[in-house]
$ cat protein-v3.cif   # mmCIF, C-alpha atoms
data_upload
loop_
_atom_site.label_atom_id
_atom_site.label_comp_id
_atom_site.auth_asym_id
_atom_site.auth_seq_id
_atom_site.Cartn_x
_atom_site.Cartn_y
_atom_site.Cartn_z
CA MET A 1 -31.64 -13.18 44.97
CA LEU A 2 -32.80 -12.35 41.43
CA LYS A 3 -36.51 -12.61 40.80
CA PHE A 4 -38.14 -12.24 37.40
CA SER A 5 -41.56 -12.91 36.06
CA VAL A 6 -41.92 -15.38 33.17
CA THR A 7 -44.76 -13.87 31.13
CA HIS A 8 -43.24 -13.92 27.66
CA PRO A 9 -45.21 -15.87 25.00
CA GLY A 10 -42.27 -18.27 24.66
CA SER A 11 -41.86 -18.71 28.40
CA ASP A 12 -43.13 -22.29 28.32
CA LEU A 13 -40.22 -23.24 26.10
CA CYS A 14 -37.81 -21.29 28.27
CA VAL A 15 -39.03 -22.89 31.49
CA ALA A 16 -38.82 -26.31 29.90
CA GLY A 17 -35.23 -25.60 28.89
CA LEU A 18 -34.37 -24.33 32.33
CA LYS A 19 -35.86 -27.45 33.88
CA SER A 20 -33.74 -29.65 31.65
CA ALA A 21 -30.63 -27.65 32.57
CA LEU A 22 -31.35 -27.66 36.30
CA PRO A 23 -29.38 -30.86 37.09
CA ALA A 24 -26.37 -29.43 35.31
CA LEU A 25 -26.70 -26.13 37.16
CA ARG A 26 -26.89 -27.93 40.48
CA ALA A 27 -23.88 -30.09 39.57
CA CYS A 28 -21.66 -27.08 38.89
CA GLY A 29 -22.68 -25.32 42.09
CA CYS A 30 -25.09 -22.77 40.65
CA MET A 31 -27.85 -21.49 42.91
CA ALA A 32 -31.18 -22.95 41.86
CA GLN A 33 -34.46 -23.83 43.51
CA SER A 34 -36.43 -27.01 43.16
CA LEU A 35 -38.39 -27.76 40.01
CA GLU A 36 -41.53 -26.54 41.68
CA ASP A 37 -39.92 -23.11 42.16
CA TRP A 38 -39.43 -22.76 38.44
CA GLY A 39 -43.16 -23.09 37.81
CA SER A 40 -44.70 -22.60 34.41
CA ALA A 41 -45.60 -19.52 32.34
CA GLY A 42 -46.80 -16.65 34.52
CA GLN A 43 -45.03 -18.02 37.64
CA HIS A 44 -41.78 -16.80 39.18
CA ALA A 45 -38.26 -18.29 38.98
CA TRP A 46 -35.25 -17.45 41.10
CA LEU A 47 -31.61 -17.23 39.99
CA GLY A 48 -28.41 -15.51 41.25
CA ALA A 49 -28.46 -11.99 42.64
CA GLY A 50 -29.31 -8.64 41.13
CA GLU A 51 -32.20 -6.53 39.91
CA PRO A 52 -35.52 -7.92 38.64
CA ARG A 53 -35.59 -8.56 34.91
CA ASP A 54 -38.57 -7.63 32.75
CA ASP A 55 -39.99 -9.22 29.62
CA ALA A 56 -37.60 -7.35 27.31
CA TRP A 57 -34.61 -8.74 29.18
CA LEU A 58 -36.11 -12.22 29.10
CA GLN A 59 -36.72 -11.97 25.36
CA GLN A 60 -33.17 -10.80 24.74
CA HIS A 61 -31.56 -13.57 26.76
CA ALA A 62 -33.98 -16.32 25.86
CA GLY A 63 -33.37 -16.01 22.13
CA ASN A 64 -36.77 -14.51 21.11
CA GLY A 65 -38.90 -17.00 22.96
CA SER A 66 -36.64 -20.01 23.15
CA CYS A 67 -33.85 -20.86 25.54
CA SER A 68 -30.24 -21.16 24.51
CA PRO A 69 -29.65 -24.62 23.08
CA ASP A 70 -26.17 -24.73 24.55
CA LEU A 71 -27.45 -24.52 28.10
CA SER A 72 -30.46 -26.81 27.82
CA SER A 73 -28.66 -29.53 25.91
CA ARG A 74 -25.57 -29.81 28.10
CA SER A 75 -25.34 -32.45 30.77
CA ALA A 76 -24.00 -32.25 34.29
CA THR A 77 -20.83 -34.00 33.13
CA ASP A 78 -20.19 -31.19 30.66
CA PHE A 79 -20.34 -28.57 33.41
CA GLN A 80 -18.27 -30.61 35.83
CA GLY A 81 -15.54 -31.06 33.24
CA GLN A 82 -15.12 -27.34 32.62
CA GLY A 83 -11.77 -25.95 33.74
CA ARG A 84 -10.03 -29.31 33.55
CA SER A 85 -8.01 -30.22 30.48
CA SER A 86 -8.73 -33.65 29.06
CA ALA A 87 -5.67 -33.57 26.81
CA PRO A 88 -2.90 -36.00 27.76
CA PRO A 89 0.39 -34.60 29.10
CA ARG A 90 2.61 -33.35 26.29
CA MET A 91 5.36 -35.78 27.24
CA MET A 92 2.99 -38.71 26.67
CA GLU A 93 2.47 -37.53 23.09
CA ASN A 94 6.18 -38.05 22.41
CA THR A 95 6.44 -41.51 20.83
CA VAL A 96 10.20 -41.56 21.32
CA PHE A 97 9.81 -40.96 25.05
CA LEU A 98 7.18 -43.69 25.29
CA SER A 99 9.57 -46.12 23.60
CA PHE A 100 12.31 -45.04 25.99
CA ALA A 101 9.99 -45.57 28.95
CA PHE A 102 9.17 -49.09 27.75
CA TYR A 103 12.79 -50.26 27.44
CA SER A 104 13.83 -48.45 30.62
CA THR A 105 11.12 -50.24 32.58
CA ILE A 106 12.32 -53.59 31.27
CA LEU A 107 15.86 -52.80 32.38
CA ILE A 108 14.74 -51.69 35.84
CA LEU A 109 12.75 -54.92 36.23
CA LYS A 110 15.85 -56.86 35.18
CA MET A 111 17.81 -55.17 37.97
CA TYR A 112 15.14 -56.22 40.45
CA VAL A 113 15.42 -59.80 39.22
CA VAL A 114 19.21 -59.78 39.69
CA ALA A 115 18.77 -58.43 43.23
CA ILE A 116 16.31 -61.24 44.03
CA ILE A 117 18.68 -63.84 42.58
CA THR A 118 21.50 -62.45 44.73
CA GLY A 119 19.42 -62.85 47.87
CA GLN A 120 18.41 -66.39 46.97
CA VAL A 121 22.02 -67.39 46.30
CA ARG A 122 23.02 -65.96 49.69
CA LEU A 123 20.43 -68.08 51.43
CA ARG A 124 21.35 -71.21 49.48
CA LYS A 125 25.11 -70.81 50.04
CA LYS A 126 24.70 -69.43 53.57
CA ALA A 127 27.03 -66.52 52.88
CA PHE A 128 25.79 -63.40 54.57
CA ALA A 129 27.21 -59.88 54.44
CA ASN A 130 25.94 -58.95 57.94
CA PRO A 131 26.61 -60.81 61.21
CA GLU A 132 23.02 -60.46 62.40
CA ASP A 133 21.85 -62.28 59.27
CA ALA A 134 24.39 -65.01 59.87
CA LEU A 135 23.29 -65.44 63.49
CA ARG A 136 19.69 -65.77 62.41
CA ASN A 137 20.58 -68.45 59.85
CA GLY A 138 22.97 -70.71 61.73
CA GLY A 139 25.80 -68.76 63.34
CA LEU A 140 28.67 -66.36 62.78
CA GLN A 141 30.52 -68.98 60.72
CA TYR A 142 28.20 -67.99 57.85
CA TYR A 143 29.33 -64.37 58.04
CA ARG A 144 31.50 -64.80 54.99
CA GLU A 145 31.89 -64.25 51.27
CA ASP A 146 31.02 -66.73 48.55
CA PRO A 147 32.20 -66.71 44.91
CA ASP A 148 28.71 -67.22 43.52
CA VAL A 149 27.24 -64.44 45.65
CA GLU A 150 30.04 -62.10 44.62
CA ARG A 151 29.38 -62.92 40.97
CA CYS A 152 25.75 -61.87 41.38
CA ARG A 153 26.81 -58.71 43.14
CA ARG A 154 29.24 -57.83 40.36
CA ALA A 155 26.51 -58.31 37.77
CA HIS A 156 24.21 -56.05 39.75
CA ARG A 157 26.88 -53.40 40.23
CA ASN A 158 27.69 -53.46 36.52
CA ASP A 159 24.00 -52.88 35.79
CA MET A 160 23.96 -49.80 37.99
CA GLU A 161 27.12 -48.43 36.38
CA ASN A 162 25.58 -48.65 32.91
CA ILE A 163 21.79 -48.49 33.19
CA PHE A 164 21.67 -45.34 35.32
CA PRO A 165 23.62 -43.27 32.75
CA PHE A 166 21.37 -44.71 30.03
CA LEU A 167 18.30 -43.43 31.88
CA PHE A 168 19.69 -39.89 31.82
CA LEU A 169 20.94 -40.00 28.24
CA GLY A 170 17.78 -41.61 26.91
CA ALA A 171 15.49 -39.11 28.62
CA VAL A 172 17.39 -36.10 27.25
CA TYR A 173 17.74 -37.73 23.83
CA SER A 174 13.96 -38.19 23.69
CA LEU A 175 13.51 -34.43 24.01
CA LEU A 176 15.59 -33.79 20.87
CA GLU A 177 12.76 -35.12 18.69
CA PRO A 178 14.86 -37.74 16.88
CA SER A 179 13.45 -40.17 14.34
CA PRO A 180 11.22 -42.65 16.24
CA ALA A 181 12.62 -45.59 14.28
CA VAL A 182 16.26 -44.59 14.90
CA ALA A 183 15.57 -43.93 18.59
CA ARG A 184 13.87 -47.29 18.95
CA VAL A 185 16.95 -49.00 17.49
CA HIS A 186 19.14 -47.21 20.07
CA PHE A 187 16.96 -48.32 22.97
CA PHE A 188 16.54 -51.87 21.68
CA ILE A 189 20.26 -52.48 21.17
CA PHE A 190 21.10 -51.25 24.65
CA CYS A 191 18.34 -53.28 26.29
CA VAL A 192 19.26 -56.52 24.52
CA GLY A 193 22.96 -55.95 25.17
CA ARG A 194 22.39 -55.54 28.89
CA ILE A 195 20.18 -58.61 29.12
CA VAL A 196 22.76 -60.75 27.30
CA HIS A 197 25.49 -59.33 29.53
CA THR A 198 23.63 -60.32 32.69
CA VAL A 199 22.83 -63.81 31.40
CA ALA A 200 26.47 -64.33 30.41
CA TYR A 201 27.61 -63.13 33.84
CA LEU A 202 25.30 -65.31 35.90
CA LEU A 203 25.56 -68.44 33.75
CA ARG A 204 29.34 -68.18 33.23
CA LEU A 205 29.08 -68.21 29.47
CA ARG A 206 32.31 -68.58 27.54
CA ALA A 207 34.30 -65.44 26.87
CA PRO A 208 34.07 -63.08 25.08
CA THR A 209 30.26 -63.29 25.18
CA ARG A 210 29.96 -60.95 28.14
CA SER A 211 32.51 -58.47 26.81
CA VAL A 212 30.89 -58.33 23.38
CA ALA A 213 27.46 -57.73 24.93
CA TYR A 214 28.93 -54.96 27.07
CA GLY A 215 30.60 -53.25 24.12
CA VAL A 216 27.53 -53.46 21.87
CA ALA A 217 25.36 -51.92 24.59
CA GLN A 218 27.73 -48.96 24.85
CA LEU A 219 27.35 -47.97 21.19
CA PRO A 220 23.84 -46.42 21.47
CA CYS A 221 24.88 -44.61 24.65
CA PHE A 222 27.84 -42.97 22.93
CA SER A 223 25.62 -42.13 19.96
CA MET A 224 22.99 -40.44 22.15
CA ALA A 225 25.62 -38.59 24.18
CA LEU A 226 27.22 -37.25 20.97
CA GLN A 227 23.90 -36.03 19.59
CA ILE A 228 23.04 -34.33 22.90
CA LEU A 229 26.40 -32.55 22.92
CA LEU A 230 25.97 -31.37 19.34
CA VAL A 231 22.62 -29.82 20.17
CA ALA A 232 23.67 -28.34 23.52
CA ALA A 233 27.15 -27.12 22.49
CA PRO A 234 25.98 -23.69 21.25
CA TYR A 235 24.57 -22.95 24.70
CA TRP A 236 27.59 -23.85 26.82
#

$ encode --input "protein-v3.cif" --output "structure tokens"
Amino acid sequence: MLKFSVTHPGSDLCVAGLKSALPALRACGCMAQSLEDWGSAGQHAWLGAGEPRDDAWLQQHAGNGSCSPDLSSRSATDFQGQGRSSAPPRMMENTVFLSFAFYSTILILKMYVVAIITGQVRLRKKAFANPEDALRNGGLQYYREDPDVERCRRAHRNDMENIFPFLFLGAVYSLLEPSPAVARVHFFIFCVGRIVHTVAYLLRLRAPTRSVAYGVAQLPCFSMALQILLVAAPYW
């Protein structure tokens, strides 16, 4: 333990500053005694470990009679936050990636909705893909296929065949630092195209509504893939 005598003419100010900093010192794990241990001018205070410090040392480190303003004015929160970066992750500073994340989340939620619709149609039509489900809901005669259920399944499968590649292409494309406005147009066109495609599939809209929606949604994917290849080609 380090023991030094506070006899400097400015020791009252120093002790007052140390008292104000004591909660912060305790919060960051520093060794400190109770407020009574600090005392006033002419009394003893205890800190750390080492050799006793005289008045010259105290004057040097107390700023000629006054404590360091940085230590006495900082709160416990300031000490506790040291060593931890408060800056957001670099990826979250990328506006293009944030736009991609928004439209990707919408598309993933759409896939969940199609999966729920498929399950509801199965129950309503009593057309189950597994015999145990059929037995639970009326008998093995319901272990069968149904055109409406198969339509929902095809819509869901088409989503997986197109949305999953988009997730890869969009993520890599976001790292190329494209124009935020141009990137947003890419993501928006694909998202709207896939939503229209699903609606046309499930509601049996007149052709070629579904085919047009499918083709339009492919345009931004081809555009992103081409730009990725142009950037990555020198490193093949």

$ atom_distance --input "protein-v3.cif" --atom1 "CA of Lys110 in chain A" --atom2 "CA of Gln218 in chain A"
17.6 Å

$ residues_around --input "protein-v3.cif" --residues "range 166-180 of chain A" --least-positions-apart "5" --cutoff "9 Å" --atoms "all atoms listed in the file" --output "number ranges by chain"
A: 91, 94-101, 104, 185-187, 190, 221, 224-225, 227-228, 231

$ axis_aligned_box --input "protein-v3.cif" --around "range 110-121 of chain A" --padding-each-side "3 Å" --output "JSON"
{"center_x": 18.6, "center_y": -61.3, "center_z": 41.5, "size_x": 12.9, "size_y": 18.2, "size_z": 18.7}

$ atom_distance --input "protein-v3.cif" --atom1 "CA of Met92 in chain A" --atom2 "CA of Leu107 in chain A"
19.9 Å

$ closest_residue --input "protein-v3.cif" --among "A:Phe222, A:Tyr214, A:Phe164, A:Phe188" --to "Ile108 in chain A" --atoms "all atoms listed in the file"
A:Phe164

$ atom_distance --input "protein-v3.cif" --atom1 "CA of Asn162 in chain A" --atom2 "CA of Ala181 in chain A"
22.9 Å

$ closest_residue --input "protein-v3.cif" --among "A:Val182, A:Ala115, A:Leu135, A:Leu230" --to "Thr198 in chain A" --atoms "all atoms listed in the file"
A:Ala115

$ closest_residue --input "protein-v3.cif" --among "A:Arg194, A:His156, A:Arg144, A:Arg206" --to "Tyr103 in chain A" --atoms "all atoms listed in the file"
A:Arg194

$ closest_residue --input "protein-v3.cif" --among "A:Gly193, A:Val114, A:Tyr143, A:Ser223" --to "Asn130 in chain A" --atoms "all atoms listed in the file"
A:Tyr143

$ resolve_selection --input "protein-v3.cif" --expression "the PyMOL selection byres ((chain A and resi 208-211) around 10)" --output "CSV table (one decimal) with C-alpha atoms, keeping the file's coordinate frame"
chain,number,residue,atom,x,y,z
A,193,GLY,CA,23.0,-56.0,25.2
A,194,ARG,CA,22.4,-55.5,28.9
A,196,VAL,CA,22.8,-60.8,27.3
A,197,HIS,CA,25.5,-59.3,29.5
A,198,THR,CA,23.6,-60.3,32.7
A,199,VAL,CA,22.8,-63.8,31.4
A,200,ALA,CA,26.5,-64.3,30.4
A,201,TYR,CA,27.6,-63.1,33.8
A,204,ARG,CA,29.3,-68.2,33.2
A,205,LEU,CA,29.1,-68.2,29.5
A,206,ARG,CA,32.3,-68.6,27.5
A,207,ALA,CA,34.3,-65.4,26.9
A,212,VAL,CA,30.9,-58.3,23.4
A,213,ALA,CA,27.5,-57.7,24.9
A,214,TYR,CA,28.9,-55.0,27.1
A,215,GLY,CA,30.6,-53.2,24.1
A,216,VAL,CA,27.5,-53.5,21.9
A,217,ALA,CA,25.4,-51.9,24.6

$ residues_around --input "protein-v3.cif" --residues "Glu145 in chain A" --least-positions-apart "2" --cutoff "9 Å" --atoms "all atoms listed in the file" --output "list in words"
Ala127, Phe128, Ala129, Tyr142, Tyr143, Pro147, Asp148, Val149 and Glu150 of chain A

$ write_last_selection --input "protein-v3.cif" --atoms "C-alpha atoms" --output "mmCIF file, in the frame of the given file"
data_model
loop_
_atom_site.group_PDB
_atom_site.id
_atom_site.type_symbol
_atom_site.label_atom_id
_atom_site.label_comp_id
_atom_site.auth_asym_id
_atom_site.auth_seq_id
_atom_site.Cartn_x
_atom_site.Cartn_y
_atom_site.Cartn_z
ATOM 1 C CA ALA A 127 27.030 -66.520 52.880
ATOM 2 C CA PHE A 128 25.790 -63.400 54.570
ATOM 3 C CA ALA A 129 27.210 -59.880 54.440
ATOM 4 C CA TYR A 142 28.200 -67.990 57.850
ATOM 5 C CA TYR A 143 29.330 -64.370 58.040
ATOM 6 C CA PRO A 147 32.200 -66.710 44.910
ATOM 7 C CA ASP A 148 28.710 -67.220 43.520
ATOM 8 C CA VAL A 149 27.240 -64.440 45.650
ATOM 9 C CA GLU A 150 30.040 -62.100 44.620
#

$ closest_residue --input "protein-v3.cif" --among "A:Pro234, A:Asn158, A:Ile189, A:Cys152" --to "Gln120 in chain A" --atoms "all atoms listed in the file"
A:Cys152

$ decode --input "protein-v3.cif" --residues "range 89-107 of chain A" --atoms "N, CA and C atoms" --output "PDB file, in the first residue's frame"
ATOM      1  N   PRO A  89     -20.880  -0.492 -35.558  1.00  0.00           N
ATOM      2  CA  PRO A  89     -20.116  -1.328 -36.475  1.00  0.00           C
ATOM      3  C   PRO A  89     -20.003  -0.654 -37.843  1.00  0.00           C
ATOM      4  N   ARG A  90     -18.871  -0.854 -38.499  1.00  0.00           N
ATOM      5  CA  ARG A  90     -18.629  -0.190 -39.772  1.00  0.00           C
ATOM      6  C   ARG A  90     -19.680  -0.553 -40.806  1.00  0.00           C
ATOM      7  N   MET A  91     -20.146  -1.798 -40.774  1.00  0.00           N
ATOM      8  CA  MET A  91     -21.153  -2.224 -41.734  1.00  0.00           C
ATOM      9  C   MET A  91     -22.436  -1.416 -41.597  1.00  0.00           C
ATOM     10  N   MET A  92     -22.779  -1.030 -40.358  1.00  0.00           N
ATOM     11  CA  MET A  92     -24.008  -0.282 -40.125  1.00  0.00           C
ATOM     12  C   MET A  92     -23.874   1.170 -40.550  1.00  0.00           C
ATOM     13  N   GLU A  93     -22.673   1.614 -40.928  1.00  0.00           N
ATOM     14  CA  GLU A  93     -22.500   2.947 -41.474  1.00  0.00           C
ATOM     15  C   GLU A  93     -22.686   2.955 -42.985  1.00  0.00           C
ATOM     16  N   ASN A  94     -22.812   1.783 -43.579  1.00  0.00           N
ATOM     17  CA  ASN A  94     -22.985   1.644 -45.020  1.00  0.00           C
ATOM     18  C   ASN A  94     -24.473   1.772 -45.351  1.00  0.00           C
ATOM     19  N   THR A  95     -24.866   2.906 -45.918  1.00  0.00           N
ATOM     20  CA  THR A  95     -26.285   3.140 -46.205  1.00  0.00           C
ATOM     21  C   THR A  95     -26.818   2.164 -47.245  1.00  0.00           C
ATOM     22  N   VAL A  96     -25.968   1.744 -48.165  1.00  0.00           N
ATOM     23  CA  VAL A  96     -26.406   0.771 -49.174  1.00  0.00           C
ATOM     24  C   VAL A  96     -26.725  -0.562 -48.507  1.00  0.00           C
ATOM     25  N   PHE A  97     -25.883  -0.971 -47.577  1.00  0.00           N
ATOM     26  CA  PHE A  97     -26.142  -2.242 -46.888  1.00  0.00           C
ATOM     27  C   PHE A  97     -27.413  -2.161 -46.051  1.00  0.00           C
ATOM     28  N   LEU A  98     -27.654  -1.025 -45.413  1.00  0.00           N
ATOM     29  CA  LEU A  98     -28.873  -0.874 -44.629  1.00  0.00           C
ATOM     30  C   LEU A  98     -30.112  -0.955 -45.517  1.00  0.00           C
ATOM     31  N   SER A  99     -30.035  -0.363 -46.699  1.00  0.00           N
ATOM     32  CA  SER A  99     -31.148  -0.470 -47.645  1.00  0.00           C
ATOM     33  C   SER A  99     -31.340  -1.915 -48.084  1.00  0.00           C
ATOM     34  N   PHE A 100     -30.238  -2.600 -48.349  1.00  0.00           N
ATOM     35  CA  PHE A 100     -30.311  -4.016 -48.712  1.00  0.00           C
ATOM     36  C   PHE A 100     -30.932  -4.836 -47.592  1.00  0.00           C
ATOM     37  N   ALA A 101     -30.535  -4.552 -46.363  1.00  0.00           N
ATOM     38  CA  ALA A 101     -31.090  -5.290 -45.222  1.00  0.00           C
ATOM     39  C   ALA A 101     -32.594  -5.068 -45.097  1.00  0.00           C
ATOM     40  N   PHE A 102     -33.048  -3.863 -45.368  1.00  0.00           N
ATOM     41  CA  PHE A 102     -34.484  -3.561 -45.279  1.00  0.00           C
ATOM     42  C   PHE A 102     -35.278  -4.394 -46.288  1.00  0.00           C
ATOM     43  N   TYR A 103     -34.891  -4.348 -47.558  1.00  0.00           N
ATOM     44  CA  TYR A 103     -35.644  -5.077 -48.584  1.00  0.00           C
ATOM     45  C   TYR A 103     -35.481  -6.592 -48.428  1.00  0.00           C
ATOM     46  N   SER A 104     -34.322  -7.035 -47.980  1.00  0.00           N
ATOM     47  CA  SER A 104     -34.134  -8.470 -47.756  1.00  0.00           C
ATOM     48  C   SER A 104     -35.051  -8.980 -46.655  1.00  0.00           C
ATOM     49  N   THR A 105     -35.188  -8.194 -45.602  1.00  0.00           N
ATOM     50  CA  THR A 105     -36.072  -8.593 -44.507  1.00  0.00           C
ATOM     51  C   THR A 105     -37.516  -8.694 -44.971  1.00  0.00           C
ATOM     52  N   ILE A 106     -37.944  -7.758 -45.803  1.00  0.00           N
ATOM     53  CA  ILE A 106     -39.305  -7.823 -46.342  1.00  0.00           C
ATOM     54  C   ILE A 106     -39.507  -9.106 -47.142  1.00  0.00           C
ATOM     55  N   LEU A 107     -38.517  -9.462 -47.950  1.00  0.00           N
ATOM     56  CA  LEU A 107     -38.636 -10.668 -48.766  1.00  0.00           C
ATOM     57  C   LEU A 107     -38.650 -11.936 -47.911  1.00  0.00           C
TER      58      LEU A 107
END
